[in-house]
$ cat upload_25.txt   # compact mmCIF, C-alpha atoms and all ligand atoms
# COMPACT_ATOMS: atom_id res chain seq x y z
CA MET A 1 4.59 33.48 9.38
CA THR A 2 5.63 32.76 5.82
CA THR A 3 7.66 29.61 5.38
CA ASP A 4 10.74 29.60 3.15
CA LEU A 5 10.15 26.64 0.85
CA ASP A 6 13.48 26.60 -0.93
CA ALA A 7 15.59 24.10 1.02
CA PHE A 8 13.28 21.07 1.01
CA TRP A 9 13.58 18.96 -2.17
CA MET A 10 10.15 17.42 -1.99
CA PRO A 11 9.53 13.73 -2.78
CA PHE A 12 7.26 12.70 -5.67
CA THR A 13 6.33 16.36 -6.18
CA ALA A 14 6.42 18.83 -9.04
CA ASN A 15 8.65 21.05 -6.90
CA ARG A 16 8.59 24.21 -9.02
CA GLN A 17 4.83 24.08 -9.48
CA PHE A 18 4.21 23.36 -5.79
CA LYS A 19 6.43 26.15 -4.56
CA LYS A 20 4.58 28.66 -6.75
CA ALA A 21 1.24 27.61 -5.21
CA PRO A 22 1.98 25.66 -2.02
CA ARG A 23 -0.51 23.62 -0.06
CA LEU A 24 0.70 23.63 3.53
CA ILE A 25 -1.02 21.61 6.22
CA ALA A 26 -0.84 22.83 9.79
CA ARG A 27 -3.05 20.55 11.87
CA SER A 28 -5.15 17.41 11.78
CA ALA A 29 -7.89 15.65 13.74
CA GLY A 30 -10.28 12.84 12.89
CA MET A 31 -11.34 13.08 9.24
CA HIS A 32 -9.78 16.51 8.69
CA TYR A 33 -6.74 18.61 8.02
CA TRP A 34 -6.52 22.35 8.53
CA ASP A 35 -4.23 24.62 6.57
CA GLU A 36 -2.25 27.55 7.96
CA GLN A 37 -5.21 29.88 7.50
CA GLY A 38 -7.43 27.53 9.51
CA ARG A 39 -9.33 26.24 6.47
CA GLN A 40 -10.75 22.75 7.02
CA ILE A 41 -9.99 20.03 4.47
CA LEU A 42 -11.72 16.66 4.45
CA ASP A 43 -9.12 13.92 4.05
CA ALA A 44 -10.40 11.50 1.39
CA VAL A 45 -7.10 9.62 1.06
CA SER A 46 -6.10 8.83 4.67
CA GLY A 47 -3.10 11.14 4.35
CA LEU A 48 -1.29 8.85 1.93
CA TRP A 49 -3.27 5.63 2.36
CA CYS A 50 -2.02 5.33 5.92
CA VAL A 51 -4.16 7.12 8.51
CA ASN A 52 -6.76 4.35 8.57
CA ALA A 53 -8.21 5.23 11.99
CA GLY A 54 -8.33 8.96 11.25
CA HIS A 55 -5.99 11.64 12.55
CA ASN A 56 -4.63 12.32 16.04
CA ARG A 57 -6.42 9.47 17.74
CA PRO A 58 -6.02 9.96 21.51
CA LYS A 59 -4.89 6.43 22.38
CA ILE A 60 -2.15 6.54 19.77
CA VAL A 61 -1.03 10.06 20.65
CA GLN A 62 -0.81 9.15 24.33
CA ALA A 63 1.08 5.93 23.64
CA ILE A 64 3.70 7.77 21.60
CA GLN A 65 4.08 10.50 24.21
CA ALA A 66 4.43 8.00 27.06
CA GLN A 67 6.89 5.86 25.11
CA ALA A 68 9.11 8.84 24.26
CA ALA A 69 9.37 9.62 27.97
CA GLU A 70 10.02 6.02 29.05
CA LEU A 71 12.34 4.42 26.46
CA ASP A 72 13.36 6.50 23.46
CA PHE A 73 15.50 4.01 21.59
CA ALA A 74 16.63 0.45 22.10
CA PRO A 75 18.62 -1.59 19.60
CA THR A 76 17.06 -4.79 18.32
CA PHE A 77 20.33 -6.28 17.09
CA GLN A 78 21.23 -8.82 19.79
CA MET A 79 18.95 -6.86 22.15
CA GLY A 80 15.23 -6.33 22.50
CA HIS A 81 12.44 -4.51 24.25
CA PRO A 82 9.10 -6.04 25.21
CA LYS A 83 6.83 -4.00 22.94
CA ALA A 84 8.62 -5.33 19.83
CA PHE A 85 7.68 -8.90 20.74
CA GLU A 86 4.20 -7.89 21.80
CA LEU A 87 3.50 -6.09 18.54
CA ALA A 88 4.80 -9.03 16.49
CA GLU A 89 2.40 -11.32 18.33
CA ARG A 90 -0.56 -8.95 17.92
CA LEU A 91 0.10 -8.66 14.20
CA LEU A 92 0.12 -12.42 13.78
CA GLN A 93 -3.19 -12.62 15.67
CA ILE A 94 -4.94 -10.54 13.02
CA ALA A 95 -2.95 -11.89 10.04
CA PRO A 96 -4.20 -14.64 7.75
CA GLN A 97 -3.75 -18.08 9.21
CA GLY A 98 -0.34 -19.50 8.47
CA MET A 99 1.70 -16.35 9.04
CA GLY A 100 4.16 -17.31 11.77
CA LYS A 101 6.77 -14.57 12.17
CA ALA A 102 7.03 -10.80 11.90
CA PHE A 103 10.19 -8.90 10.89
CA PHE A 104 10.17 -5.13 11.40
CA THR A 105 11.27 -2.39 9.00
CA ASN A 106 10.60 1.35 8.77
CA SER A 107 8.65 1.72 5.54
CA GLY A 108 6.91 -0.09 2.75
CA SER A 109 9.99 0.15 0.56
CA GLU A 110 12.12 -1.50 3.22
CA SER A 111 9.50 -4.19 3.74
CA VAL A 112 9.68 -5.02 0.05
CA GLU A 113 13.50 -5.24 0.05
CA THR A 114 13.31 -7.41 3.15
CA ALA A 115 10.75 -9.79 1.67
CA LEU A 116 12.67 -10.17 -1.59
CA LYS A 117 15.89 -10.93 0.29
CA MET A 118 14.09 -13.35 2.58
CA ALA A 119 12.66 -15.21 -0.39
CA ILE A 120 16.00 -15.62 -2.15
CA ALA A 121 17.84 -16.54 1.06
CA TYR A 122 15.11 -19.01 2.02
CA HIS A 123 15.59 -21.01 -1.16
CA ARG A 124 19.35 -20.94 -0.67
CA ALA A 125 19.00 -22.15 2.91
CA ARG A 126 17.01 -25.11 1.61
CA GLY A 127 19.62 -25.99 -0.97
CA GLU A 128 17.88 -24.37 -3.94
CA GLY A 129 20.36 -21.56 -4.41
CA ALA A 130 19.57 -21.27 -8.13
CA ARG A 131 16.19 -19.79 -7.30
CA THR A 132 17.16 -16.13 -7.43
CA ARG A 133 14.82 -14.74 -10.07
CA LEU A 134 12.05 -12.38 -8.97
CA ILE A 135 8.79 -11.84 -10.81
CA GLY A 136 6.81 -8.62 -10.42
CA ARG A 137 3.93 -7.28 -12.47
CA GLU A 138 3.47 -4.43 -14.89
CA ARG A 139 2.03 -1.36 -13.14
CA GLY A 140 3.02 -2.75 -9.73
CA TYR A 141 4.31 -0.34 -7.09
CA HIS A 142 6.66 -1.74 -4.50
CA GLY A 143 8.33 1.36 -3.17
CA VAL A 144 11.37 3.15 -4.44
CA ASN A 145 14.45 1.15 -3.48
CA PHE A 146 16.36 -0.78 -6.12
CA GLY A 147 14.67 -4.12 -5.47
CA GLY A 148 11.27 -2.50 -5.36
CA ILE A 149 11.64 -0.55 -8.59
CA SER A 150 13.12 -3.61 -10.28
CA VAL A 151 10.06 -5.76 -9.55
CA GLY A 152 7.82 -2.71 -9.85
CA GLY A 153 6.14 -1.91 -13.10
CA ILE A 154 5.69 1.84 -13.21
CA PRO A 155 7.91 3.18 -16.00
CA GLY A 156 8.40 6.65 -14.51
CA ASN A 157 9.79 5.13 -11.32
CA ARG A 158 12.33 3.01 -13.21
CA LYS A 159 13.58 4.83 -16.25
CA MET A 160 15.94 7.34 -14.61
CA PHE A 161 17.89 4.90 -12.53
CA GLY A 162 20.09 2.88 -14.83
CA THR A 163 20.64 -0.80 -14.36
CA LEU A 164 18.12 -2.35 -12.06
CA LEU A 165 18.30 -5.79 -10.44
CA ALA A 166 19.24 -8.53 -12.86
CA GLY A 167 17.06 -11.60 -13.17
CA VAL A 168 13.70 -9.88 -12.87
CA ASP A 169 10.70 -10.37 -15.09
CA HIS A 170 7.12 -9.14 -15.04
CA LEU A 171 3.64 -10.55 -15.39
CA ARG A 172 1.16 -8.63 -17.49
CA HIS A 173 -1.00 -6.18 -15.60
CA THR A 174 -4.69 -6.89 -15.14
CA HIS A 175 -6.23 -3.59 -16.28
CA ASP A 176 -8.81 -4.22 -18.99
CA LEU A 177 -11.14 -1.32 -19.70
CA GLN A 178 -12.70 -3.06 -22.66
CA ARG A 179 -14.04 -5.97 -20.66
CA ASN A 180 -14.22 -4.61 -17.12
CA ALA A 181 -15.00 -0.87 -17.17
CA PHE A 182 -17.35 0.24 -14.37
CA SER A 183 -17.15 -3.06 -12.49
CA VAL A 184 -18.56 -2.89 -8.99
CA GLY A 185 -16.16 -4.82 -6.78
CA GLN A 186 -13.96 -7.48 -8.37
CA PRO A 187 -14.09 -7.51 -12.18
CA GLU A 188 -15.43 -10.61 -13.89
CA HIS A 189 -12.77 -10.95 -16.55
CA GLY A 190 -9.07 -11.66 -16.34
CA ALA A 191 -8.40 -14.68 -14.11
CA GLU A 192 -6.54 -16.17 -17.07
CA LEU A 193 -3.97 -13.36 -16.91
CA ALA A 194 -2.39 -15.25 -14.00
CA ASP A 195 -1.40 -17.90 -16.55
CA ASP A 196 1.21 -15.42 -17.72
CA LEU A 197 3.30 -16.96 -14.95
CA GLU A 198 3.39 -20.19 -16.98
CA ARG A 199 4.93 -18.23 -19.84
CA LEU A 200 7.68 -16.92 -17.55
CA VAL A 201 8.23 -20.36 -16.05
CA ALA A 202 8.56 -21.81 -19.56
CA LEU A 203 11.07 -19.09 -20.44
CA HIS A 204 13.23 -19.10 -17.30
CA ASP A 205 12.47 -22.51 -15.75
CA ALA A 206 10.86 -22.73 -12.35
CA SER A 207 14.15 -23.82 -10.78
CA THR A 208 15.49 -20.27 -11.24
CA ILE A 209 12.48 -18.41 -9.80
CA ALA A 210 12.40 -17.45 -6.12
CA ALA A 211 9.22 -15.44 -5.79
CA VAL A 212 6.34 -13.61 -7.37
CA ILE A 213 5.40 -10.28 -5.79
CA VAL A 214 2.10 -8.53 -6.45
CA GLU A 215 -0.16 -6.09 -4.69
CA PRO A 216 -3.42 -7.97 -4.12
CA MET A 217 -5.08 -4.73 -5.23
CA ALA A 218 -2.70 -2.43 -7.11
CA GLY A 219 -3.03 0.94 -5.38
CA SER A 220 -0.51 3.52 -6.46
CA THR A 221 -0.87 2.84 -10.17
CA GLY A 222 -4.51 3.85 -9.88
CA VAL A 223 -6.56 1.23 -8.06
CA LEU A 224 -6.64 -1.99 -10.06
CA ILE A 225 -8.90 -4.55 -8.41
CA PRO A 226 -7.90 -8.19 -9.01
CA PRO A 227 -10.27 -10.01 -11.37
CA LYS A 228 -12.29 -12.79 -9.78
CA GLY A 229 -10.17 -15.94 -9.53
CA TYR A 230 -6.92 -14.23 -10.56
CA LEU A 231 -5.13 -14.40 -7.22
CA GLN A 232 -6.34 -17.96 -6.64
CA ARG A 233 -4.81 -18.98 -9.96
CA LEU A 234 -1.55 -17.22 -9.16
CA ARG A 235 -1.45 -19.06 -5.82
CA GLU A 236 -2.01 -22.41 -7.54
CA LEU A 237 0.72 -21.78 -10.09
CA CYS A 238 3.21 -20.68 -7.43
CA ASP A 239 2.49 -23.86 -5.48
CA LYS A 240 2.83 -25.98 -8.58
CA HIS A 241 6.28 -24.56 -9.31
CA GLY A 242 7.66 -24.14 -5.79
CA ILE A 243 7.66 -20.35 -6.12
CA LEU A 244 6.98 -18.16 -3.10
CA LEU A 245 4.05 -15.76 -3.37
CA ILE A 246 4.55 -12.34 -1.79
CA PHE A 247 1.60 -10.02 -1.30
CA ASP A 248 2.56 -6.39 -0.97
CA GLU A 249 -0.16 -5.29 1.45
CA VAL A 250 1.28 -1.87 2.24
CA ILE A 251 -1.98 -0.28 1.06
CA THR A 252 -4.42 -3.18 1.35
CA GLY A 253 -3.39 -3.98 4.93
CA PHE A 254 -5.32 -2.86 8.00
CA GLY A 255 -8.89 -2.82 6.83
CA ARG A 256 -8.77 -0.97 3.54
CA THR A 257 -10.54 -3.63 1.47
CA GLY A 258 -13.12 -4.65 4.08
CA ALA A 259 -11.18 -7.25 6.06
CA PRO A 260 -7.94 -6.95 8.05
CA PHE A 261 -5.85 -7.79 4.96
CA GLY A 262 -6.35 -8.15 1.23
CA ALA A 263 -5.47 -11.81 1.71
CA HIS A 264 -8.69 -12.19 3.72
CA THR A 265 -10.82 -10.17 1.32
CA PHE A 266 -9.65 -12.10 -1.73
CA GLY A 267 -9.39 -15.47 0.02
CA VAL A 268 -5.76 -16.20 -0.87
CA THR A 269 -2.91 -16.59 1.61
CA PRO A 270 0.56 -15.64 0.42
CA ASP A 271 3.85 -16.99 1.81
CA LEU A 272 5.09 -13.56 2.79
CA MET A 273 3.34 -10.24 3.13
CA THR A 274 4.74 -6.74 3.30
CA LEU A 275 3.12 -4.14 5.55
CA ALA A 276 3.61 -0.47 6.46
CA LYS A 277 1.39 2.64 6.48
CA GLY A 278 -1.65 1.59 8.55
CA ILE A 279 0.51 -0.48 10.89
CA THR A 280 1.00 2.65 13.03
CA ASN A 281 -1.88 4.65 11.55
CA GLY A 282 0.82 6.64 9.79
CA CYS A 283 1.95 8.25 13.05
CA VAL A 284 5.48 6.84 13.28
CA PRO A 285 7.32 5.31 10.33
CA MET A 286 7.18 1.51 10.47
CA GLY A 287 6.88 -1.49 8.21
CA ALA A 288 6.88 -5.24 8.65
CA VAL A 289 7.21 -8.47 6.76
CA LEU A 290 5.07 -11.36 7.89
CA CYS A 291 6.08 -14.82 6.74
CA LYS A 292 5.09 -18.41 7.20
CA ARG A 293 6.85 -20.13 10.05
CA GLU A 294 8.56 -22.63 7.73
CA ILE A 295 10.30 -19.79 5.90
CA HIS A 296 11.78 -18.55 9.16
CA ASP A 297 12.57 -22.09 10.30
CA ALA A 298 14.61 -22.83 7.18
CA PHE A 299 17.12 -20.25 8.46
CA MET A 300 17.35 -21.77 11.95
CA THR A 301 20.17 -24.17 11.21
CA GLY A 302 23.86 -24.11 12.03
CA PRO A 303 25.50 -23.10 15.30
CA GLU A 304 23.12 -21.19 17.58
CA HIS A 305 25.55 -18.37 18.28
CA LEU A 306 25.60 -17.31 14.62
CA ILE A 307 23.27 -14.71 13.10
CA GLU A 308 20.83 -16.50 10.80
CA PHE A 309 19.67 -13.65 8.53
CA PHE A 310 22.11 -10.86 7.79
CA HIS A 311 19.55 -8.14 7.48
CA GLY A 312 17.88 -5.48 9.62
CA TYR A 313 17.68 -1.74 10.21
CA THR A 314 18.91 0.40 13.11
CA TYR A 315 15.31 1.40 13.65
CA SER A 316 13.69 -2.04 13.18
CA ALA A 317 11.01 -2.23 15.89
CA HIS A 318 11.75 1.28 17.14
CA PRO A 319 10.08 1.75 20.54
CA LEU A 320 8.00 4.73 19.39
CA ALA A 321 6.78 2.79 16.37
CA CYS A 322 5.96 -0.27 18.47
CA ALA A 323 4.03 1.83 20.97
CA ALA A 324 2.17 3.51 18.13
CA GLY A 325 1.54 0.13 16.48
CA LEU A 326 0.10 -1.44 19.62
CA ALA A 327 -2.17 1.56 20.26
CA THR A 328 -3.21 1.54 16.61
CA LEU A 329 -4.21 -2.12 16.69
CA GLU A 330 -6.16 -1.45 19.89
CA THR A 331 -7.94 1.47 18.24
CA TYR A 332 -8.81 -0.66 15.22
CA ALA A 333 -10.15 -3.40 17.52
CA ASP A 334 -12.06 -1.05 19.86
CA GLU A 335 -13.90 0.54 16.95
CA GLY A 336 -14.24 -2.47 14.63
CA LEU A 337 -12.32 -0.59 11.95
CA LEU A 338 -10.70 -3.59 10.28
CA THR A 339 -14.08 -4.67 8.98
CA ARG A 340 -15.86 -1.31 8.75
CA ALA A 341 -14.94 -0.83 5.08
CA GLY A 342 -16.87 -4.03 4.37
CA GLU A 343 -19.95 -2.58 6.08
CA LEU A 344 -19.74 0.75 4.25
CA GLN A 345 -18.64 -0.50 0.85
CA GLY A 346 -22.18 -0.84 -0.54
CA TYR A 347 -22.98 2.81 0.17
CA PHE A 348 -19.52 3.95 -0.92
CA ALA A 349 -19.80 2.03 -4.20
CA GLU A 350 -23.26 3.43 -4.91
CA CYS A 351 -22.07 7.02 -4.37
CA VAL A 352 -18.86 6.68 -6.34
CA HIS A 353 -20.44 4.82 -9.27
CA ALA A 354 -23.03 7.60 -9.50
CA LEU A 355 -20.23 9.66 -11.11
CA LYS A 356 -20.34 7.43 -14.19
CA ALA A 357 -22.12 9.99 -16.38
CA GLU A 358 -19.84 12.91 -15.47
CA PRO A 359 -17.59 14.39 -18.16
CA ASN A 360 -14.49 12.43 -19.19
CA VAL A 361 -15.07 9.55 -16.77
CA ILE A 362 -14.05 6.34 -18.55
CA ASP A 363 -14.00 3.93 -15.61
CA ILE A 364 -14.92 3.67 -11.93
CA ARG A 365 -13.72 0.78 -9.81
CA ASN A 366 -14.02 0.03 -6.10
CA ILE A 367 -13.46 -2.42 -3.28
CA GLY A 368 -13.93 -1.81 0.45
CA LEU A 369 -13.21 1.85 1.09
CA VAL A 370 -11.09 2.46 -1.97
CA ALA A 371 -12.11 3.68 -5.38
CA GLY A 372 -10.42 4.61 -8.62
CA ILE A 373 -12.03 7.02 -11.08
CA GLU A 374 -10.27 7.04 -14.42
CA LEU A 375 -10.52 10.06 -16.71
CA ALA A 376 -9.74 10.30 -20.38
CA PRO A 377 -6.47 12.21 -20.76
CA ARG A 378 -6.68 15.66 -22.30
CA GLY A 379 -4.92 14.91 -25.59
CA ALA A 380 -1.19 14.56 -25.07
CA ASP A 381 -1.36 16.30 -21.68
CA VAL A 382 -1.53 13.11 -19.66
CA GLY A 383 -2.38 13.78 -16.02
CA LYS A 384 -3.31 17.42 -16.45
CA ARG A 385 -7.05 16.95 -16.31
CA ALA A 386 -6.91 14.88 -13.13
CA TYR A 387 -4.45 17.31 -11.56
CA GLU A 388 -6.89 20.14 -12.15
CA VAL A 389 -9.63 18.08 -10.51
CA PHE A 390 -7.27 17.55 -7.58
CA THR A 391 -6.51 21.28 -7.14
CA ASP A 392 -10.17 22.15 -7.58
CA CYS A 393 -11.25 19.66 -4.91
CA PHE A 394 -8.52 20.93 -2.59
CA ALA A 395 -9.73 24.50 -3.04
CA ALA A 396 -13.23 23.23 -2.22
CA GLY A 397 -11.98 21.56 0.96
CA VAL A 398 -11.47 17.90 -0.01
CA LEU A 399 -8.12 16.15 -0.37
CA ILE A 400 -8.09 13.46 -3.07
CA ARG A 401 -5.13 11.79 -4.80
CA VAL A 402 -4.31 11.49 -8.47
CA THR A 403 -1.96 9.27 -10.45
CA GLY A 404 -1.83 10.23 -14.10
CA ASP A 405 -5.48 10.67 -15.00
CA ILE A 406 -6.78 8.37 -12.29
CA ILE A 407 -8.33 9.74 -9.13
CA ALA A 408 -7.99 7.60 -6.02
CA LEU A 409 -10.22 7.79 -2.97
CA SER A 410 -9.30 5.96 0.24
CA PRO A 411 -10.82 7.82 3.19
CA PRO A 412 -10.05 6.93 6.80
CA LEU A 413 -12.11 3.95 7.92
CA ILE A 414 -14.00 6.17 10.39
CA VAL A 415 -15.62 8.09 7.52
CA GLN A 416 -19.32 8.91 7.96
CA ARG A 417 -21.92 8.64 5.21
CA GLN A 418 -22.37 12.39 4.93
CA GLN A 419 -18.63 12.76 4.49
CA ILE A 420 -18.74 10.25 1.63
CA ASP A 421 -21.49 12.45 0.18
CA GLN A 422 -19.30 15.52 0.59
CA ILE A 423 -16.36 13.83 -1.14
CA VAL A 424 -18.47 12.69 -4.08
CA ASP A 425 -20.37 16.00 -4.41
CA THR A 426 -17.12 17.96 -4.42
CA LEU A 427 -15.67 15.61 -7.01
CA ARG A 428 -18.78 15.88 -9.16
CA LYS A 429 -18.58 19.67 -9.20
CA ALA A 430 -14.88 19.55 -10.04
CA LEU A 431 -15.42 17.07 -12.87
CA ARG A 432 -18.08 19.34 -14.35
CA LYS A 433 -15.84 22.37 -14.05
CA VAL A 434 -12.66 20.86 -15.49
CA ALA A 435 -13.04 20.44 -19.21
C1 LIG B 501 2.06 -1.44 -2.37
C2 LIG B 501 3.12 -0.54 -1.87
N1 LIG B 501 4.32 -1.03 -1.57
C3 LIG B 501 5.31 -0.26 -1.09
C4 LIG B 501 5.12 1.07 -0.88
C5 LIG B 501 6.23 1.92 -0.38
O1 LIG B 501 6.01 2.34 0.89
P1 LIG B 501 6.89 3.54 1.51
O2 LIG B 501 6.51 4.76 0.78
O3 LIG B 501 6.49 3.52 2.97
O4 LIG B 501 8.32 3.16 1.33
C6 LIG B 501 3.88 1.64 -1.16
C7 LIG B 501 3.64 3.08 -0.96
O5 LIG B 501 2.65 3.64 -1.37
C8 LIG B 501 2.86 0.81 -1.68
O6 LIG B 501 1.66 1.31 -2.00
$ encode --input "upload_25.txt" --output "structure tokens"
Amino acid sequence: MTTDLDAFWMPFTANRQFKKAPRLIARSAGMHYWDEQGRQILDAVSGLWCVNAGHNRPKIVQAIQAQAAELDFAPTFQMGHPKAFELAERLLQIAPQGMGKAFFTNSGSESVETALKMAIAYHRARGEGARTRLIGRERGYHGVNFGGISVGGIPGNRKMFGTLLAGVDHLRHTHDLQRNAFSVGQPEHGAELADDLERLVALHDASTIAAVIVEPMAGSTGVLIPPKGYLQRLRELCDKHGILLIFDEVITGFGRTGAPFGAHTFGVTPDLMTLAKGITNGCVPMGAVLCKREIHDAFMTGPEHLIEFFHGYTYSAHPLACAAGLATLETYADEGLLTRAGELQGYFAECVHALKAEPNVIDIRNIGLVAGIELAPRGADVGKRAYEVFTDCFAAGVLIRVTGDIIALSPPLIVQRQQIDQIVDTLRKALRKVA
């Protein structure tokens, strides 16, 4: 059967290019996809950084099927269903100590909007209503809604959309090829870049700033690992100035960096954290915001019959997502997946860093089971070289991801050593082929 590709306006896709040479996926299982012709493709990016336990895991599939038959939808506005409460509790059990409440959304973008609104409303509830300013970071990715692109720092995601949120400023990004190229694990240099927050505090005054939002490890911009001490310094400065620290853990959550969350890996606990993707192993859309109990408690004033936080989505804590989430957390626990990246990261790092001498490679960086391989752009054709590496790897049966001229690898946490070898060998051949 040939599929008519015309009607679907594809997200974050070069639509005309794709439709001339489509890549259609028909089936998945474990570490693999299969295309319509039955060709097997090794998934080196967990779908889109989300299928952390690998594809079509039986426990998750069964949970979704059973849930669809038992309770298809239940509102969570003034109503509830048991799995929503159960999943919230389970999430807090694996979250960094201090997280006290979970609020459900349907995506990373919605989690970001929710966290930003929570932060501003929290200050207001405590009588600090002037704290409305939000601080993001250059090169940050926080989804695609207006709050997220306002605090985000990826120019292409911002420039077409007119006036963004007022009262937003940005920290400098932490990418520093000169000092940190080819770092294994966290780079040595750059903790002082957190002091950029002092500059913004001096400019705006702390009394106007609600929150700082950063990805503990910036993923979508091309895998930027936080320099040693950077997040600690940011935490200290937020505390000093009464500013909430939000970690966007949409990518770093659920085992990617070697521990359940980036907060664990990097040893810094935020006040709020945004989750999505791996929360349901990518099987049903879901996101969440975890926050410290005192943030929630600040809202719990006034008459008890009144709604405390005017926010939520029709599908917050959707039964299918909750069932998928619970089965996902069980799968992670059964197989030790939330720490498996930590066990494999030595081998993974060794294999990936062995690409250092390949043509056009100007940096390789890694943490847990994620790596970024940065290529020199081909003159003014930014992104073309990496895109060719991507199509070449796909033709050779390995799915990687590229952003500009940076290749990202983030295989499912069930990956085997020989599959890491296959990913790196395929990449090596492609790098040699693509001039
Ligand atoms: C750090 C981060 N935040 C937010 C998002 C947005 O998530 P979604 O695409 O589910 O809206 C992403 C997606 O890649 C992300 O990496």
$ residues_near_ligand --input "upload_25.txt" --ligand "ligand LIG 501 (chain B)" --cutoff "6 Å" --atoms "only C-alpha atoms and all ligand atoms" --output "list in words"
Ser107, Gly108, Ser109, Tyr141, His142, Gly143, Glu215, Gly219, Ser220, Asp248, Glu249, Val250 and Ile251 of chain A
$ residues_around --input "upload_25.txt" --residues "segment 391-393 of chain A" --least-positions-apart "5" --cutoff "12 Å" --atoms "all atoms listed in the file" --output "JSON, numbers by chain"
{"A": [17, 18, 21, 22, 23, 41, 42, 43, 44, 384, 385, 386, 398, 399, 400, 401, 402, 407, 422, 423, 424, 425, 426, 427, 428, 429, 430, 431, 432, 433, 434]}
$ closest_residue --input "upload_25.txt" --among "A:Pro187, A:Ile120, A:Ala210, A:His175" --to "Arg139 of chain A" --atoms "only C-alpha atoms"
A:His175
$ atom_distance --input "upload_25.txt" --atom1 "atom CA of Ile406 of chain A" --atom2 "atom CA of Thr274 of chain A"
24.6 Å
$ residues_near_point --input "upload_25.txt" --point "(-11.2, 1.6, 9.4)" --cutoff "8 Å" --atoms "only C-alpha atoms" --output "PDB file with C-alpha atoms, keeping the file's coordinate frame"
ATOM      1  CA  ASN A  52      -6.760   4.350   8.570  1.00  0.00           C
ATOM      2  CA  ALA A  53      -8.210   5.230  11.990  1.00  0.00           C
ATOM      3  CA  PHE A 254      -5.320  -2.860   8.000  1.00  0.00           C
ATOM      4  CA  GLY A 255      -8.890  -2.820   6.830  1.00  0.00           C
ATOM      5  CA  ARG A 256      -8.770  -0.970   3.540  1.00  0.00           C
ATOM      6  CA  TYR A 332      -8.810  -0.660  15.220  1.00  0.00           C
ATOM      7  CA  GLY A 336     -14.240  -2.470  14.630  1.00  0.00           C
ATOM      8  CA  LEU A 337     -12.320  -0.590  11.950  1.00  0.00           C
ATOM      9  CA  LEU A 338     -10.700  -3.590  10.280  1.00  0.00           C
ATOM     10  CA  THR A 339     -14.080  -4.670   8.980  1.00  0.00           C
ATOM     11  CA  ARG A 340     -15.860  -1.310   8.750  1.00  0.00           C
ATOM     12  CA  ALA A 341     -14.940  -0.830   5.080  1.00  0.00           C
ATOM     13  CA  PRO A 412     -10.050   6.930   6.800  1.00  0.00           C
ATOM     14  CA  LEU A 413     -12.110   3.950   7.920  1.00  0.00           C
ATOM     15  CA  ILE A 414     -14.000   6.170  10.390  1.00  0.00           C
TER      16      ILE A 414
END
$ atom_distance --input "upload_25.txt" --atom1 "atom CA of Leu344 of chain A" --atom2 "atom CA of Asp176 of chain A"
26.2 Å
$ residues_near_point --input "upload_25.txt" --point "(-19.8, -5.7, -10.6)" --cutoff "12 Å" --atoms "only C-alpha atoms" --output "PyMOL selection string"
chain A and resi 179-189+225+227-228+346+349-350+353+364-367
$ closest_residue --input "upload_25.txt" --among "A:Gly156, A:Gly262, A:Gly80, A:Gly129" --to "Pro96 of chain A" --atoms "only C-alpha atoms"
A:Gly262
$ closest_residue --input "upload_25.txt" --among "A:Arg235, A:Leu91, A:Trp49, A:Ile243" --to "Leu134 of chain A" --atoms "only C-alpha atoms"
A:Ile243
$ atom_distance --input "upload_25.txt" --atom1 "atom CA of Leu409 of chain A" --atom2 "atom CA of Glu36 of chain A"
23.9 Å
$ residues_around --input "upload_25.txt" --residues "Ser111 of chain A" --least-positions-apart "2" --cutoff "12 Å" --atoms "only C-alpha atoms" --output "PyMOL selection string"
chain A and resi 102-109+113-118+142-145+147-148+246-250+272-277+285-291+311-313+316
$ closest_residue --input "upload_25.txt" --among "A:Gly152, A:Gly54, A:Pro359, A:Gly47" --to "Gln416 of chain A" --atoms "only C-alpha atoms"
A:Gly54
$ residues_around --input "upload_25.txt" --residues "Leu244 of chain A" --least-positions-apart "3" --cutoff "7 Å" --atoms "all atoms listed in the file" --output "list in words"
Ala119, Ala210, Ala211, Val212, Cys238 and Asp271 of chain A
$ closest_residue --input "upload_25.txt" --among "A:Met10, A:Lys240, A:Arg131, A:Glu335" --to "Glu198 of chain A" --atoms "only C-alpha atoms"
A:Lys240
$ closest_residue --input "upload_25.txt" --among "A:Ala327, A:Val151, A:Val201, A:Ala26" --to "Val61 of chain A" --atoms "all atoms listed in the file"
A:Ala327
